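J.: Questions regarding the structure given below will be posed in turn.
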Amino acid sequence: MADFPNFFPYKTTQEFLSHYKAGSFENETILVKGARSFRFDEIVVFLEEKTHETVLEINLNAITHNLNFYKSRLKPETKVMVMVKAFGYGSGSYEIAKALSHQKVDYLGVAFADEGIALRNAGINTPVIVMNPESSAFAAMAAYNLEPEIYSARELKAFIAVAQQKNLSNYPIHIKLDTGMHRLGFQENQLEELIELLKNNNLVSVKSIFSHLSSSDMPDYRDFTLDQIGKFESWSEQLMEALETNPIRHILNTSGIYNFPQAQFDMVRLGIGLYGVGNDETERKSLETVGTLKTVILQIKDIEPGESIGYSRRFIAPGKMRIATLPIGYADGIRRGWGNEKGYVTINNKRAVITGTISMDMMMVDVTDIDCKEGDRAVIFGASPTVVEMAEALGTIPYEILTSISQRVKRVFYKE
Ligand SMILES: *Cc1c(COP(=O)(O)O)cnc(C)c1O
């Protein structure tokens, strides 16, 4: 140990904490590593509290658990593509990709080329599909080994032109079929033209054929989904026969895996479920919470009956109250609609209702009956309230809540 000039040993976690000076670290990445029994989580809590910041904690063990839950419903040979678009549904893209690098994940899915480039720059080598590539990004995609979704003849021609120019050969592409979603993809009457473009073309090579289900989470539309699956099977067979290839076929998203495992083909595309949110109530019970959004109480004050709280005096105290001000608001991605007593946060395991209007960077909550002090933690979402609960109350879906959390909220990743 004497060989390390900056090595400072401590016998216990408590000893370290009592010697630690606030402000000794600034703008640093700190690795906290050790067995659970040493209670290093206290160090993490301590470091976070010193910065008084709002954090979105991401439980990487829960990510692995959720991945394995969906895998357990699939054949062992079925490939898995993990969707990390939109900054990994707000939970961090390359951190998630890195955490899963020891699991069997065959593909990563992103929406835009920039998201794929960020993964490559972070050292991720897993194959990446770019779902909505724009032709202006084709050259960069080739440079970073990113594989395009091809959804139209116009796009395919543009990509082939770039492939020719860059001397690419057999560059992997992924053919998207529109079987009923009516977003992107080839329709039935366009298959002929697609086959003409791809036949005897060795600049590109069809690595996979896929489609997307519009309503895999809706029992009412089961027949529609089965029709989409039927069309996918028949159209993809038509392509495979004409092109004499045997690509990977895939159509299932999270709810598809849960409700239609018979249509798993060769690969599935797992998104929201990985992040701990199932669209089905029973499915949800098998998942673990991934993200917990936390902040701290900045100030506590006593309010007299008849006094108002927040903008536009929307809340008038009915009696004596204690309120706590939290440094998180709609600019962090918490909807204004969640304020005015509709929503709540959890402080010391108790519900604190949000009083008054949520401001840009702050909100006030009722802590009249909660034993708490300034500096205590408040959970905005996680175990309670859950993002599902928030989404239902706000008339939206968990996807929107998760992807709305602002980039100014620090993400903290942990693993036990
Ligand atoms: C986002 C997306 C998925 C994942 O959907 P989830 O419902 O989050 O599992 C799968 N496929 C495509 C094409 C997507 O855009």
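By convention in this document, the chains of the structure tokens carry letters A, B, ... by their order, each chain's residues are numbered from 1, and ligands are numbered from 1 in the order they are shown.
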Enumerate as an MDAnalysis selection string all residues of segment 125-276 of chain A assigned to strand (DSSP E) by DSSP on the backbone, naming them with the chain letters and numbers the document uses.
T.: chainID A and resid 128:130 146:150 171:177 204:211 248:250 267:270
J.: Could you list, as a PyMOL selection string, all protein and nucleic acid residues with an atom at most 9 Å from ligand 1, counting only C-alpha atoms and all ligand atoms?
T.: chain A and resi 81-85+89+109-111+131-132+176+210-213+216-217+251-257+268-275+277-279+399
J.: Show me a table, sorted first by chain and then by increasing residue number, of the residues of segment 166-189 of chain A having an atom at most 12 Å from segment 239-243 of chain A, each with its shortest atom pair and the distance in Å to one decimal, counting only C-alpha atoms and written as JSON lines.
T.:
{"residue": "A:Ile175", "atom": "CA", "partner": "A:Leu239", "partner_atom": "CA", "distance": 9.9}
{"residue": "A:Lys176", "atom": "CA", "partner": "A:Leu239", "partner_atom": "CA", "distance": 11.7}
{"residue": "A:Leu177", "atom": "CA", "partner": "A:Leu239", "partner_atom": "CA", "distance": 10.7}
{"residue": "A:Phe186", "atom": "CA", "partner": "A:Leu239", "partner_atom": "CA", "distance": 11.6}
{"residue": "A:Glu188", "atom": "CA", "partner": "A:Leu239", "partner_atom": "CA", "distance": 10.8}
J.: What would the file look like if the residues just selected were written as an mmCIF file, in the first residue's frame with N, CA, C and O atoms?
T.:
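Written file, out-v5.cif:
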data_model
loop_
_atom_site.group_PDB
_atom_site.id
_atom_site.type_symbol
_atom_site.label_atom_id
_atom_site.label_comp_id
_atom_site.auth_asym_id
_atom_site.auth_seq_id
_atom_site.Cartn_x
_atom_site.Cartn_y
_atom_site.Cartn_z
ATOM 1 N N ILE A 175 -34.961 -4.596 -42.864
ATOM 2 C CA ILE A 175 -36.158 -4.233 -43.634
ATOM 3 C C ILE A 175 -37.382 -4.160 -42.727
ATOM 4 O O ILE A 175 -37.715 -5.137 -42.044
ATOM 5 N N LYS A 176 -38.026 -2.987 -42.740
ATOM 6 C CA LYS A 176 -39.216 -2.788 -41.900
ATOM 7 C C LYS A 176 -40.479 -2.910 -42.740
ATOM 8 O O LYS A 176 -40.639 -2.229 -43.751
ATOM 9 N N LEU A 177 -41.400 -3.784 -42.300
ATOM 10 C CA LEU A 177 -42.670 -3.976 -43.000
ATOM 11 C C LEU A 177 -43.790 -3.307 -42.214
ATOM 12 O O LEU A 177 -43.849 -3.409 -40.981
ATOM 13 N N PHE A 186 -42.506 -0.857 -45.452
ATOM 14 C CA PHE A 186 -43.021 -1.213 -46.771
ATOM 15 C C PHE A 186 -44.399 -1.840 -46.623
ATOM 16 O O PHE A 186 -44.612 -2.675 -45.748
ATOM 17 N N GLU A 188 -47.652 -4.008 -48.598
ATOM 18 C CA GLU A 188 -47.639 -5.211 -49.433
ATOM 19 C C GLU A 188 -47.352 -4.911 -50.909
ATOM 20 O O GLU A 188 -46.548 -5.606 -51.543
#
J.: Expressed in Å to a single decimal, how great is the separation between atom CA of Asn66 of chain A and atom CA of Ala378 of chain A?
T.: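 Atom CA of Asn66 of chain A sits 25.6 Å away from atom CA of Ala378 of chain A.
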J.: Would you work out the distance separating atom CA of Val80 of chain A from atom CA of Asn68 of chain A, expressed in Å to one decimal?
T.: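 Going from atom CA of Val80 of chain A over to atom CA of Asn68 of chain A, I get 10.8 Å.
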J.: Please provide the set of residues having any atom within 12 Å of Lys157 of chain A, restricted to only C-alpha atoms, with same-chain residues fewer than 2 positions apart removed, written as a VMD selection string.
T.: chain A and resid 135 138 150 to 155 159 to 164 193 to 194 196 to 198 201 203 to 204
J.: When DSSP is applied to the backbone of this structure, which of segment 12-152 of chain A are assigned helix (DSSP H, G or I)? Write them out as a PyMOL selection string.
T.: chain A and resi 13-19+36-38+41-51+60-71+85-89+93-99+113-121+135-143
J.: Could you check which of A:Asp302, A:Tyr258, A:Arg351, A:Arg120 is closest to Thr282 of chain A, using only C-alpha atoms?
T.: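 Of all the options, A:Tyr258 lies closest to Thr282 of chain A.
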J.: Just give me the gap between atom CA of Ser208 of chain A and atom CA of Ile248 of chain A in Å, one decimal is fine.
T.: 4.4 Å
J.: Counting only C-alpha atoms, which of A:Ala99, A:Leu168, A:Leu287, A:Val105 gets nearest to Phe69 of chain A?
T.: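 Result for the nearest residue to Phe69 of chain A: A:Leu287.
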